[in-house]
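K.L.:
So I've got this file, work_39.txt, and it contains compact mmCIF, C-alpha atoms:
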# COMPACT_ATOMS: atom_id res chain seq x y z
CA MET Y 863 15.79 -201.89 88.52
CA GLU Y 864 12.44 -203.36 87.48
CA ASP Y 865 13.52 -206.78 88.61
CA ARG Y 866 14.47 -205.36 91.97
CA GLU Y 867 11.08 -203.64 92.30
CA ASN Y 868 9.26 -206.86 91.44
CA ALA Y 869 11.39 -208.82 93.88
CA LYS Y 870 10.95 -206.19 96.60
CA ARG Y 871 10.11 -207.80 99.93
CA VAL Y 872 9.73 -205.37 102.78
CA VAL Y 873 10.08 -206.03 106.48
CA PHE Y 874 8.09 -203.39 108.34
CA VAL Y 875 9.00 -202.75 111.97
CA THR Y 876 6.62 -200.78 114.20
CA VAL Y 877 6.79 -199.63 117.83
CA GLY Y 878 3.48 -197.74 117.80
CA THR Y 879 3.44 -194.61 119.94
CA THR Y 880 6.05 -195.99 122.33
CA SER Y 881 9.82 -195.77 122.61
CA PHE Y 882 11.44 -199.17 122.00
CA ASP Y 883 15.11 -198.63 121.21
CA ALA Y 884 16.00 -202.22 122.12
CA LEU Y 885 13.88 -203.48 119.22
CA VAL Y 886 15.25 -200.94 116.73
CA LYS Y 887 18.83 -201.80 117.73
CA ALA Y 888 18.13 -205.52 117.47
CA VAL Y 889 16.57 -205.16 114.04
CA VAL Y 890 19.56 -203.29 112.55
CA SER Y 891 22.15 -205.58 114.14
CA GLU Y 892 24.32 -207.38 111.59
CA ASP Y 893 23.15 -210.91 112.27
CA VAL Y 894 19.46 -209.96 112.07
CA LYS Y 895 19.98 -208.09 108.81
CA ASP Y 896 21.96 -211.05 107.42
CA GLU Y 897 19.21 -213.47 108.35
CA LEU Y 898 16.56 -211.25 106.77
CA GLN Y 899 18.55 -211.08 103.53
CA LYS Y 900 19.07 -214.85 103.59
CA ARG Y 901 15.28 -215.20 103.78
CA GLY Y 902 14.87 -213.08 100.66
CA PHE Y 903 13.84 -209.78 102.22
CA THR Y 904 15.18 -206.72 100.44
CA HIS Y 905 13.96 -203.74 102.42
CA LEU Y 906 13.79 -202.89 106.11
CA LEU Y 907 11.47 -200.04 107.05
CA ILE Y 908 11.37 -198.98 110.70
CA GLN Y 909 8.66 -196.89 112.36
CA MET Y 910 10.60 -195.87 115.47
CA GLY Y 911 8.09 -193.80 117.46
CA ARG Y 912 9.45 -191.87 120.44
CA GLY Y 913 12.78 -193.73 120.47
CA ILE Y 914 16.10 -191.86 120.61
CA PHE Y 915 18.22 -194.43 118.77
CA PHE Y 916 18.34 -193.46 115.09
CA PRO Y 917 19.49 -196.32 112.86
CA ASN Y 918 21.73 -195.73 109.83
CA LYS Y 919 19.88 -195.46 106.56
CA CYS Y 920 21.21 -197.60 103.74
CA ASP Y 921 20.39 -197.36 100.03
CA GLY Y 922 21.40 -200.95 99.35
CA ALA Y 923 23.59 -199.95 96.40
CA ASP Y 924 26.16 -202.53 97.47
CA GLY Y 925 23.54 -205.28 97.45
CA SER Y 926 22.85 -205.10 101.18
CA LEU Y 927 19.47 -204.65 102.83
CA VAL Y 928 17.86 -201.27 102.15
CA VAL Y 929 17.25 -199.61 105.51
CA ASP Y 930 14.96 -196.64 106.11
CA TYR Y 931 13.02 -195.25 109.05
CA PHE Y 932 10.46 -192.68 110.17
CA THR Y 933 9.05 -191.70 113.57
CA PHE Y 934 5.27 -191.54 113.26
CA SER Y 935 2.51 -191.77 110.73
CA SER Y 936 -1.20 -191.07 111.13
CA SER Y 937 -1.90 -194.50 109.70
CA ILE Y 938 0.45 -197.43 109.23
CA ALA Y 939 -2.07 -199.59 107.38
CA ASP Y 940 -0.50 -198.91 103.98
CA TYR Y 941 2.97 -199.78 105.27
CA ILE Y 942 1.64 -203.05 106.65
CA ARG Y 943 -0.11 -203.81 103.36
CA SER Y 944 3.09 -203.41 101.36
CA ALA Y 945 5.13 -205.51 103.78
CA SER Y 946 5.94 -209.21 103.51
CA LEU Y 947 6.75 -209.46 107.22
CA VAL Y 948 5.82 -207.25 110.17
CA ILE Y 949 7.87 -207.06 113.35
CA SER Y 950 5.89 -205.24 116.02
CA HIS Y 951 5.86 -204.22 119.67
CA ALA Y 952 3.23 -205.97 121.76
CA GLY Y 953 0.50 -203.31 121.60
CA SER Y 954 -2.91 -204.84 120.90
CA GLY Y 955 -3.72 -202.19 118.28
CA SER Y 956 -0.64 -202.98 116.17
CA ILE Y 957 -1.11 -206.72 116.61
CA PHE Y 958 -4.73 -206.83 115.47
CA GLU Y 959 -4.22 -204.31 112.70
CA THR Y 960 -1.51 -206.58 111.26
CA LEU Y 961 -3.43 -209.82 111.77
CA LYS Y 962 -6.56 -208.38 110.16
CA LEU Y 963 -4.50 -207.43 107.10
CA GLY Y 964 -3.32 -211.03 106.93
CA LYS Y 965 0.41 -210.38 107.23
CA PRO Y 966 2.97 -212.64 108.95
CA LEU Y 967 3.82 -211.15 112.32
CA ILE Y 968 6.60 -211.36 114.89
CA VAL Y 969 5.73 -209.67 118.18
CA VAL Y 970 8.63 -208.45 120.31
CA VAL Y 971 7.97 -207.76 123.97
CA ASN Y 972 9.52 -204.69 125.61
CA GLU Y 973 11.17 -205.91 128.81
CA ASP Y 974 11.59 -202.38 130.11
CA LEU Y 975 7.85 -201.92 130.58
CA MET Y 976 6.56 -202.55 134.08
CA ASP Y 977 3.54 -204.77 134.61
CA ASN Y 978 3.89 -206.43 131.26
CA HIS Y 979 0.37 -207.70 130.75
CA GLN Y 980 0.92 -207.09 127.05
CA CYS Y 981 2.85 -210.33 126.72
CA GLU Y 982 -0.25 -212.32 127.76
CA LEU Y 983 -1.95 -211.38 124.50
CA ALA Y 984 1.10 -212.17 122.37
CA GLU Y 985 1.57 -215.52 124.15
CA ALA Y 986 -2.07 -216.47 123.72
CA LEU Y 987 -2.04 -215.62 120.01
CA GLU Y 988 1.21 -217.54 119.55
CA GLU Y 989 -0.40 -220.59 121.16
CA ARG Y 990 -3.08 -220.33 118.51
CA LYS Y 991 -0.26 -220.10 115.89
CA HIS Y 992 -1.25 -216.67 114.62
CA LEU Y 993 2.17 -215.07 115.19
CA TYR Y 994 5.67 -215.56 116.59
CA TYR Y 995 6.51 -214.02 119.94
CA THR Y 996 10.00 -213.11 121.10
CA HIS Y 997 12.29 -210.66 122.95
CA PRO Y 998 14.84 -208.21 121.50
CA HIS Y 999 17.79 -210.42 122.44
CA THR Y 1000 16.16 -213.56 120.97
CA LEU Y 1001 14.89 -211.94 117.76
CA HIS Y 1002 17.72 -213.41 115.68
CA GLN Y 1003 17.07 -216.89 117.04
CA THR Y 1004 13.37 -216.61 116.19
CA LEU Y 1005 14.18 -215.47 112.68
CA THR Y 1006 16.42 -218.48 112.05
CA LYS Y 1007 13.81 -220.93 113.30
CA MET Y 1008 10.57 -219.41 112.01
CA GLU Y 1009 8.39 -221.02 109.36
CA LEU Y 1010 6.07 -218.30 108.16
CA GLU Y 1011 3.99 -220.69 106.04
CA SER Y 1012 3.02 -222.58 109.18
CA LEU Y 1013 1.29 -219.55 110.68
CA VAL Y 1014 -2.49 -219.82 110.82
CA GLN Y 1015 -4.49 -217.00 109.23
CA TYR Y 1016 -6.37 -214.97 111.87
CA THR Y 1017 -10.14 -214.74 111.46
CA PRO Y 1018 -11.28 -211.33 112.74
CA GLY Y 1019 -14.03 -211.36 115.33
CA ASP Y 1020 -16.75 -208.82 115.85
CA GLY Y 1021 -18.97 -207.57 118.62
CA THR Y 1022 -22.09 -209.48 117.58
CA PRO Y 1023 -22.21 -211.82 120.61
CA VAL Y 1024 -22.01 -208.81 122.95
CA ALA Y 1025 -24.67 -206.92 121.00
CA ARG Y 1026 -26.99 -209.90 121.15
CA ILE Y 1027 -26.67 -210.30 124.91
CA ILE Y 1028 -27.11 -206.58 125.55
CA ASP Y 1029 -30.18 -206.39 123.25
CA ARG Y 1030 -31.79 -209.34 124.98
CA PHE Y 1031 -31.03 -207.88 128.42
CA LEU Y 1032 -32.63 -204.55 127.51
CA GLY Y 1033 -35.78 -206.29 126.27
CA PHE Y 1034 -35.32 -205.81 122.53
CA PRO Y 1035 -36.84 -208.48 120.27
CA ASP Y 1036 -34.31 -210.84 118.65
CA ASP Y 1037 -33.59 -209.73 115.06
CA MET F 1049 -35.19 -169.52 185.01
CA GLU F 1050 -37.79 -170.29 182.32
CA GLU F 1051 -35.64 -168.67 179.66
CA GLY F 1052 -32.73 -170.89 180.65
CA CYS F 1053 -35.00 -173.94 180.43
CA SER F 1054 -36.32 -173.09 176.98
CA CYS F 1055 -32.74 -172.59 175.76
CA ILE F 1056 -31.83 -176.06 176.85
CA TYR F 1057 -35.00 -177.51 175.34
CA SER F 1058 -34.47 -175.80 171.96
CA ARG F 1059 -30.83 -176.95 171.84
CA MET F 1060 -31.86 -180.49 172.69
CA ALA F 1061 -34.66 -180.38 170.12
CA SER F 1062 -32.37 -179.16 167.36
CA ARG F 1063 -29.72 -181.79 168.21
CA PHE F 1064 -32.46 -184.40 168.25
CA SER F 1065 -33.78 -183.37 164.83
CA ILE F 1066 -30.27 -183.22 163.33
CA GLY F 1067 -29.61 -186.70 164.66
CA LEU F 1068 -32.93 -187.91 163.30
CA LEU F 1069 -32.20 -186.45 159.88
CA MET F 1070 -28.80 -188.09 159.82
CA ILE F 1071 -30.26 -191.47 160.75
CA LEU F 1072 -32.91 -191.01 158.07
CA ALA F 1073 -30.28 -190.14 155.47
CA ILE F 1074 -28.20 -193.19 156.37
CA VAL F 1075 -31.21 -195.48 156.29
CA LEU F 1076 -32.28 -194.10 152.90
CA LEU F 1077 -28.76 -194.61 151.56
CA MET F 1078 -28.66 -198.18 152.84
CA VAL F 1079 -32.05 -198.94 151.31
CA ARG F 1080 -30.84 -197.50 148.02
CA VAL F 1081 -27.61 -199.54 148.09
CA LEU F 1082 -29.49 -202.74 148.93
CA TYR F 1083 -31.99 -202.04 146.14
CA VAL F 1084 -29.16 -201.46 143.65
CA ILE F 1085 -27.46 -204.71 144.66
CA TYR F 1086 -30.76 -206.57 144.39
CA ARG F 1087 -31.74 -205.06 141.07
CA CYS F 1088 -28.31 -205.27 139.40
CA GLY F 1089 -28.11 -207.92 136.69
CA LYS F 1090 -31.86 -208.35 136.31
CA PRO F 1091 -32.90 -208.02 132.67
CA LEU F 1092 -35.50 -205.47 131.70
CA PRO F 1093 -38.97 -206.67 130.67
CA LYS F 1094 -39.49 -207.03 126.90
CA GLY F 1095 -40.46 -203.97 124.93
CA VAL F 1096 -40.03 -201.52 127.80
CA SER F 1097 -38.30 -198.99 125.57
CA GLN F 1098 -37.61 -198.32 121.88
CA SER F 1099 -34.28 -196.65 122.57
CA PHE F 1100 -31.89 -195.98 125.39
CA THR F 1101 -29.72 -192.96 126.08
CA THR F 1102 -26.23 -194.43 125.98
CA LEU F 1103 -23.02 -193.38 127.70
CA ILE F 1104 -19.83 -194.73 126.12
CA VAL F 1105 -16.66 -194.62 128.20
CA LEU F 1106 -13.49 -194.60 126.09
CA GLY F 1107 -10.18 -195.83 127.47
CA SER F 1108 -7.22 -194.70 125.41
CA GLY F 1109 -5.54 -196.14 122.31
CA GLY F 1110 -6.32 -199.77 121.63
CA HIS F 1111 -9.27 -199.68 124.02
CA THR F 1112 -10.95 -197.00 121.92
CA ALA F 1113 -10.38 -199.08 118.81
CA GLU F 1114 -12.04 -202.05 120.54
CA MET F 1115 -14.99 -199.96 121.70
CA LEU F 1116 -15.66 -198.43 118.28
CA SER F 1117 -15.44 -201.88 116.72
CA LEU F 1118 -18.09 -203.05 119.19
CA LEU F 1119 -20.32 -200.02 118.62
CA SER F 1120 -20.29 -200.62 114.89
CA VAL F 1121 -22.45 -203.74 115.34
CA LEU F 1122 -24.99 -202.15 117.69
CA ARG F 1123 -28.20 -200.93 116.13
CA LYS F 1124 -27.88 -197.16 116.34
CA ASP F 1125 -31.61 -196.54 116.59
CA ARG F 1126 -31.71 -198.60 119.79
CA PHE F 1127 -28.82 -196.74 121.44
CA THR F 1128 -29.49 -193.06 121.02
CA PRO F 1129 -28.70 -190.33 121.94
CA ARG F 1130 -25.04 -191.28 122.53
CA PHE F 1131 -22.71 -189.55 124.98
CA TYR F 1132 -18.98 -190.23 124.71
CA ILE F 1133 -16.58 -189.71 127.61
CA ALA F 1134 -12.78 -189.78 127.33
CA ALA F 1135 -9.95 -188.82 129.65
CA ALA F 1136 -8.92 -185.15 129.66
CA THR F 1137 -5.34 -186.18 128.79
CA ASP F 1138 -6.42 -188.38 125.86
CA ASN F 1139 -6.39 -186.31 122.66
CA MET F 1140 -7.13 -189.07 120.18
CA SER F 1141 -10.20 -190.91 121.44
CA LEU F 1142 -12.87 -188.22 121.08
CA GLN F 1143 -11.56 -187.41 117.61
CA LYS F 1144 -11.93 -191.06 116.64
CA ALA F 1145 -15.40 -191.12 118.18
CA ARG F 1146 -16.44 -188.07 116.17
CA SER F 1147 -15.18 -189.68 112.96
CA PHE F 1148 -17.11 -192.80 113.87
CA GLU F 1149 -20.32 -190.83 114.44
CA ASP F 1150 -19.84 -188.99 111.13
CA SER F 1151 -19.41 -192.28 109.33
CA VAL F 1152 -22.60 -193.79 110.77
CA ALA F 1153 -24.74 -190.65 110.48
CA GLU F 1154 -28.06 -191.43 108.85
CA LYS F 1155 -29.28 -189.47 105.83
CA PRO F 1156 -30.53 -186.02 106.84
CA ALA F 1157 -34.10 -187.23 106.31
CA VAL F 1158 -33.92 -189.33 109.45
CA LYS F 1159 -33.90 -186.95 112.40
CA GLU F 1160 -31.78 -188.23 115.21
CA ALA F 1161 -30.55 -186.66 118.40
CA SER F 1162 -26.91 -185.67 117.98
CA SER F 1163 -24.08 -187.25 119.95
CA GLN F 1164 -22.16 -185.41 122.61
CA PHE F 1165 -18.50 -185.67 123.52
CA MET F 1166 -17.15 -184.92 126.99
CA GLN F 1167 -13.90 -185.19 128.87
CA ILE F 1168 -13.32 -186.37 132.39
CA TYR F 1169 -10.39 -186.14 134.80
CA ARG F 1170 -8.61 -189.48 135.06
CA SER F 1171 -8.50 -191.09 138.47
CA ARG F 1172 -4.96 -192.38 137.71
CA GLU F 1173 -2.54 -191.83 134.85
CA VAL F 1174 -0.43 -194.75 133.58
CA GLY F 1175 2.55 -195.10 135.94
CA GLN F 1176 1.15 -192.74 138.56
CA SER F 1177 1.89 -193.75 142.16
CA TYR F 1178 -1.02 -195.32 143.99
CA VAL F 1179 -0.56 -192.91 146.89
CA THR F 1180 -1.16 -189.75 144.87
CA SER F 1181 -3.94 -191.63 143.06
CA VAL F 1182 -6.10 -191.39 146.19
CA TRP F 1183 -6.54 -187.65 145.75
CA THR F 1184 -6.89 -187.72 141.95
CA THR F 1185 -9.48 -190.51 142.30
CA ILE F 1186 -11.56 -188.39 144.69
CA VAL F 1187 -11.41 -185.51 142.20
CA ALA F 1188 -12.41 -187.85 139.39
CA ILE F 1189 -15.37 -189.21 141.37
CA VAL F 1190 -16.68 -185.70 142.03
CA HIS F 1191 -16.22 -184.82 138.36
CA ALA F 1192 -17.97 -188.04 137.28
CA LEU F 1193 -20.91 -187.28 139.56
CA TRP F 1194 -21.13 -183.80 138.10
CA LEU F 1195 -21.16 -185.16 134.54
CA MET F 1196 -23.86 -187.70 135.47
CA ILE F 1197 -26.04 -184.99 136.97
CA ARG F 1198 -25.71 -183.07 133.71
CA ILE F 1199 -26.47 -186.05 131.48
CA ARG F 1200 -29.04 -188.03 133.48
CA PRO F 1201 -30.04 -186.44 136.77
CA GLN F 1202 -32.89 -188.95 137.21
CA VAL F 1203 -30.35 -191.75 137.53
CA VAL F 1204 -28.30 -189.89 140.14
CA LEU F 1205 -31.45 -189.14 142.13
CA GLY F 1206 -32.41 -192.80 142.00
CA ILE F 1207 -35.62 -192.26 140.06
CA ARG F 1208 -34.46 -194.15 136.97
CA TRP F 1209 -32.28 -197.19 136.48
CA SER F 1210 -29.12 -197.21 134.38
CA SER F 1211 -27.82 -200.56 133.12
CA ILE F 1212 -24.05 -200.93 133.09
CA PHE F 1213 -22.25 -203.18 130.62
CA TYR F 1214 -18.51 -203.81 130.94
CA VAL F 1215 -16.36 -205.45 128.27
CA GLU F 1216 -12.87 -206.41 129.44
CA SER F 1217 -10.13 -205.63 126.95
CA VAL F 1218 -8.95 -208.32 124.50
CA ALA F 1219 -5.45 -207.77 125.92
CA ARG F 1220 -6.60 -209.26 129.23
CA VAL F 1221 -6.12 -213.01 128.89
CA LYS F 1222 -5.37 -214.36 132.36
CA LYS F 1223 -6.02 -211.43 134.72
CA LEU F 1224 -8.69 -208.77 134.83
CA SER F 1225 -7.77 -205.10 134.80
CA LEU F 1226 -8.28 -203.11 138.03
CA SER F 1227 -11.50 -201.64 136.60
CA GLY F 1228 -12.65 -205.14 135.73
CA VAL F 1229 -11.91 -206.51 139.19
CA LEU F 1230 -13.83 -203.65 140.87
CA LEU F 1231 -16.87 -203.90 138.62
CA TYR F 1232 -16.99 -207.69 138.90
CA LYS F 1233 -16.39 -208.14 142.63
CA LEU F 1234 -18.63 -205.27 143.70
CA ARG F 1235 -21.30 -206.50 141.27
CA ILE F 1236 -21.64 -203.08 139.75
CA ALA F 1237 -21.92 -204.15 136.11
CA ASP F 1238 -25.25 -205.65 135.06
CA GLN F 1239 -23.48 -207.73 132.43
CA PHE F 1240 -19.72 -208.46 132.34
CA PHE F 1241 -17.93 -209.68 129.22
CA VAL F 1242 -14.51 -211.33 128.81
CA GLN F 1243 -12.76 -212.30 125.58
CA TRP F 1244 -10.65 -215.28 126.67
CA PRO F 1245 -11.79 -218.60 128.16
CA GLN F 1246 -9.19 -218.50 130.96
CA LEU F 1247 -10.96 -215.45 132.40
CA GLN F 1248 -14.34 -217.07 132.25
CA ASN F 1249 -13.01 -219.97 134.28
CA LYS F 1250 -11.80 -217.57 136.96
CA TYR F 1251 -14.86 -215.31 136.83
CA PRO F 1252 -17.88 -217.52 136.20
CA ARG F 1253 -20.46 -214.73 136.28
CA ALA F 1254 -18.81 -213.21 133.18
CA HIS F 1255 -19.96 -213.92 129.60
CA TYR F 1256 -17.22 -215.38 127.41
CA VAL F 1257 -17.71 -213.82 123.97
CA GLY F 1258 -14.40 -214.68 122.25
CA CYS F 1259 -12.02 -212.16 120.66
CA LEU F 1260 -14.07 -209.22 119.47
CA MET F 1261 -11.26 -207.75 117.33
Translate this file's structure into structure tokens.

P.N.:
Amino acid sequence: MEDRENAKRVVFVTVGTTSFDALVKAVVSEDVKDELQKRGFTHLLIQMGRGIFFPNKCDGADGSLVVDYFTFSSSIADYIRSASLVISHAGSGSIFETLKLGKPLIVVVNEDLMDNHQCELAEALEERKHLYYTHPHTLHQTLTKMELESLVQYTPGDGTPVARIIDRFLGFPDD
Amino acid sequence: MEEGCSCIYSRMASRFSIGLLMILAIVLLMVRVLYVIYRCGKPLPKGVSQSFTTLIVLGSGGHTAEMLSLLSVLRKDRFTPRFYIAAATDNMSLQKARSFEDSVAEKPAVKEASSQFMQIYRSREVGQSYVTSVWTTIVAIVHALWLMIRIRPQVVLGIRWSSIFYVESVARVKKLSLSGVLLYKLRIADQFFVQWPQLQNKYPRAHYVGCLM
């Protein structure tokens, strides 16, 4: 048991406050679970939000991936911290929370959403090699091809440039 | 006969004065609009004020997170008292703003005006049809005007200036949001900020400040 605990590698899946059944279904599909196990992950924890598709829990007694889920939590920071990989919907809050905690991230875009400006952010961050970006039906493909070590750590920004410009505009002396 | 004449004269006089008042009102409004367009974007002279009453408009969810992250680097003594506004249908943002204010509260020894938290009717909910949005936008404008009269009547009356700063969301990489387009094209914001270089190329009057998150 101890060995298993030490070797525990969790994949945390989050859909934020949305409903994203396509992602939940994709993540518990056999080929995705197989690929995750091949990559050395042991646990799959799904935060499923307002979705109506409830995956099957699995205790992993037969050596398969441990699968668990919950709907909401007031803060997912701790779940992200204990994860070795995060698979997230394309909400900017989830994306930056994960990047700031320095975890490898795969962003999955919800094709059912109209006016999908969310994918612009995921695309732009992928260009800068901070995450992988995919769709529910191509999640498996992304998992087979990904090289998590090649991801570039994200350096958080802050509002200092804005503060400086506003201060100067309002006539405050430069600090 | 004379009575009839004076009736006509008094009706003409009152129509004339109503017309004159209307023309005066329109001229005053035009002067005001031209002054606002002229004055917008001009920095204030140095040292004109130690602190500014600040109104913070919170969009929902990730936008609130971005705003609070930005506020955390502003010097609180320069931007006080602070008024927060969030949509009536947004139950999280004001809560987060209150927590933020509690976390930055100075020691009791330093007396500071307390922050206020208000809600406003949204002009359009996510997914709402643009047709019904016309009415809800009119309602929202009236409500906004009412809130402004309560917070800073001098600004509404045109006696004092209010500088407007707009920061476009980090999620906007290639296209501005509708709010952003309106504030940029109509030159309403004194200073306009974008977080991605593609937007600065399209909107050269904006400041490119990089990702703030």

K.L.:
I want to know what sits within 12 Å of range 931-933 of chain Y, based on all atoms listed in the file, with residues of the same chain fewer than 2 positions away left out; could you give that as number ranges by chain?

P.N.:
Y: 873-883, 886, 889-890, 905-921, 928-929, 935-938, 941

K.L.:
Taking all atoms listed in the file into account, report as a short mmCIF file (atom, residue, chain, number, x, y, z; two decimals) with C-alpha atoms, keeping the file's coordinate frame which residues of chain Y lie within 10 Å of chain F.

P.N.:
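Saved file part.cif follows:
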data_model
loop_
_atom_site.label_atom_id
_atom_site.label_comp_id
_atom_site.auth_asym_id
_atom_site.auth_seq_id
_atom_site.Cartn_x
_atom_site.Cartn_y
_atom_site.Cartn_z
CA THR Y 879 3.44 -194.61 119.94
CA ALA Y 952 3.23 -205.97 121.76
CA GLY Y 953 0.50 -203.31 121.60
CA SER Y 954 -2.91 -204.84 120.90
CA GLY Y 955 -3.72 -202.19 118.28
CA SER Y 956 -0.64 -202.98 116.17
CA PHE Y 958 -4.73 -206.83 115.47
CA GLU Y 959 -4.22 -204.31 112.70
CA LEU Y 961 -3.43 -209.82 111.77
CA LYS Y 962 -6.56 -208.38 110.16
CA MET Y 976 6.56 -202.55 134.08
CA ASP Y 977 3.54 -204.77 134.61
CA HIS Y 979 0.37 -207.70 130.75
CA GLN Y 980 0.92 -207.09 127.05
CA CYS Y 981 2.85 -210.33 126.72
CA GLU Y 982 -0.25 -212.32 127.76
CA LEU Y 983 -1.95 -211.38 124.50
CA ALA Y 984 1.10 -212.17 122.37
CA GLU Y 985 1.57 -215.52 124.15
CA ALA Y 986 -2.07 -216.47 123.72
CA THR Y 1017 -10.14 -214.74 111.46
CA PRO Y 1018 -11.28 -211.33 112.74
CA GLY Y 1019 -14.03 -211.36 115.33
CA ASP Y 1020 -16.75 -208.82 115.85
CA GLY Y 1021 -18.97 -207.57 118.62
CA THR Y 1022 -22.09 -209.48 117.58
CA PRO Y 1023 -22.21 -211.82 120.61
CA VAL Y 1024 -22.01 -208.81 122.95
CA ALA Y 1025 -24.67 -206.92 121.00
CA ARG Y 1026 -26.99 -209.90 121.15
CA ILE Y 1027 -26.67 -210.30 124.91
CA ILE Y 1028 -27.11 -206.58 125.55
CA ASP Y 1029 -30.18 -206.39 123.25
CA ARG Y 1030 -31.79 -209.34 124.98
CA PHE Y 1031 -31.03 -207.88 128.42
CA LEU Y 1032 -32.63 -204.55 127.51
CA GLY Y 1033 -35.78 -206.29 126.27
CA PHE Y 1034 -35.32 -205.81 122.53
CA PRO Y 1035 -36.84 -208.48 120.27
#

K.L.:
What are the closest atom pairs, with distances in Å to one decimal, for each residue of range 1176-1239 of chain F lying within 9 Å of range 1069-1085 of chain F, using all atoms listed in the file, rows by chain and rising residue number, as JSON lines?

P.N.:
{"residue": "F:Gly1206", "atom": "CA", "partner": "F:Arg1080", "partner_atom": "CA", "distance": 7.8}
{"residue": "F:Trp1209", "atom": "CA", "partner": "F:Val1084", "partner_atom": "CA", "distance": 8.9}
{"residue": "F:Leu1234", "atom": "CA", "partner": "F:Ile1085", "partner_atom": "CA", "distance": 8.9}
{"residue": "F:Arg1235", "atom": "CA", "partner": "F:Ile1085", "partner_atom": "CA", "distance": 7.3}
{"residue": "F:Ile1236", "atom": "CA", "partner": "F:Ile1085", "partner_atom": "CA", "distance": 7.8}

K.L.:
Show me the residues close to (-15.4, -189.5, 137.4) - anything with an atom within 10 Å, counting all atoms listed in the file - and format the list as number ranges by chain.

P.N.:
F: 1133, 1135, 1167-1171, 1184-1196

K.L.:
In Å, with one decimal, what is the gap from CA of Ser1012 in chain Y to CA of Ala939 in chain Y?

P.N.:
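Separation between CA of Ser1012 in chain Y and CA of Ala939 in chain Y: 23.6 Å.
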
K.L.:
Could you list, as number ranges by chain, every residue within 10 Å of Ala888 in chain Y, counting all atoms listed in the file and ignoring same-chain residues fewer than 2 positions away?

P.N.:
Y: 883-886, 890-895, 997-1002

K.L.:
Measure the distance from CA of Gln1164 in chain F to CA of Glu1216 in chain F in Å and round it to one decimal.

P.N.:
24.0 Å

K.L.:
When you draw a straight line from CA of Ser1108 in chain F to CA of Lys1144 in chain F, how long is it in Å?

P.N.:
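Taking CA of Ser1108 in chain F as the start and CA of Lys1144 in chain F as the end point, the length is 10.6 Å.
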
K.L.:
Neighbouring residues of Gln899 in chain Y were defined as those with any atom within 8 Å, considering all atoms listed in the file; residues of the same chain fewer than 4 positions away were excluded. Please report them as a ChimeraX atom specification.

P.N.:
/Y:895,903-904,926-927

K.L.:
Point out the residue among F:Asp1125, F:Val1174, F:Val1152, F:Gln1202 with the least atom-to-atom distance to Asp1138 in chain F, counting all atoms listed in the file.

P.N.:
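For Asp1138 in chain F, the nearest of the candidates is F:Val1174.
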
K.L.:
Using all atoms of range 1014-1029 of chain Y that appear in the file, construct an axis-aligned enclosing box with 3 Å of padding on every side and provide its centre coordinates and edge lengths in Å, rounded to one decimal, as JSON.

P.N.:
{"center_x": -16.3, "center_y": -213.1, "center_z": 117.4, "size_x": 33.7, "size_y": 19.4, "size_z": 22.3}
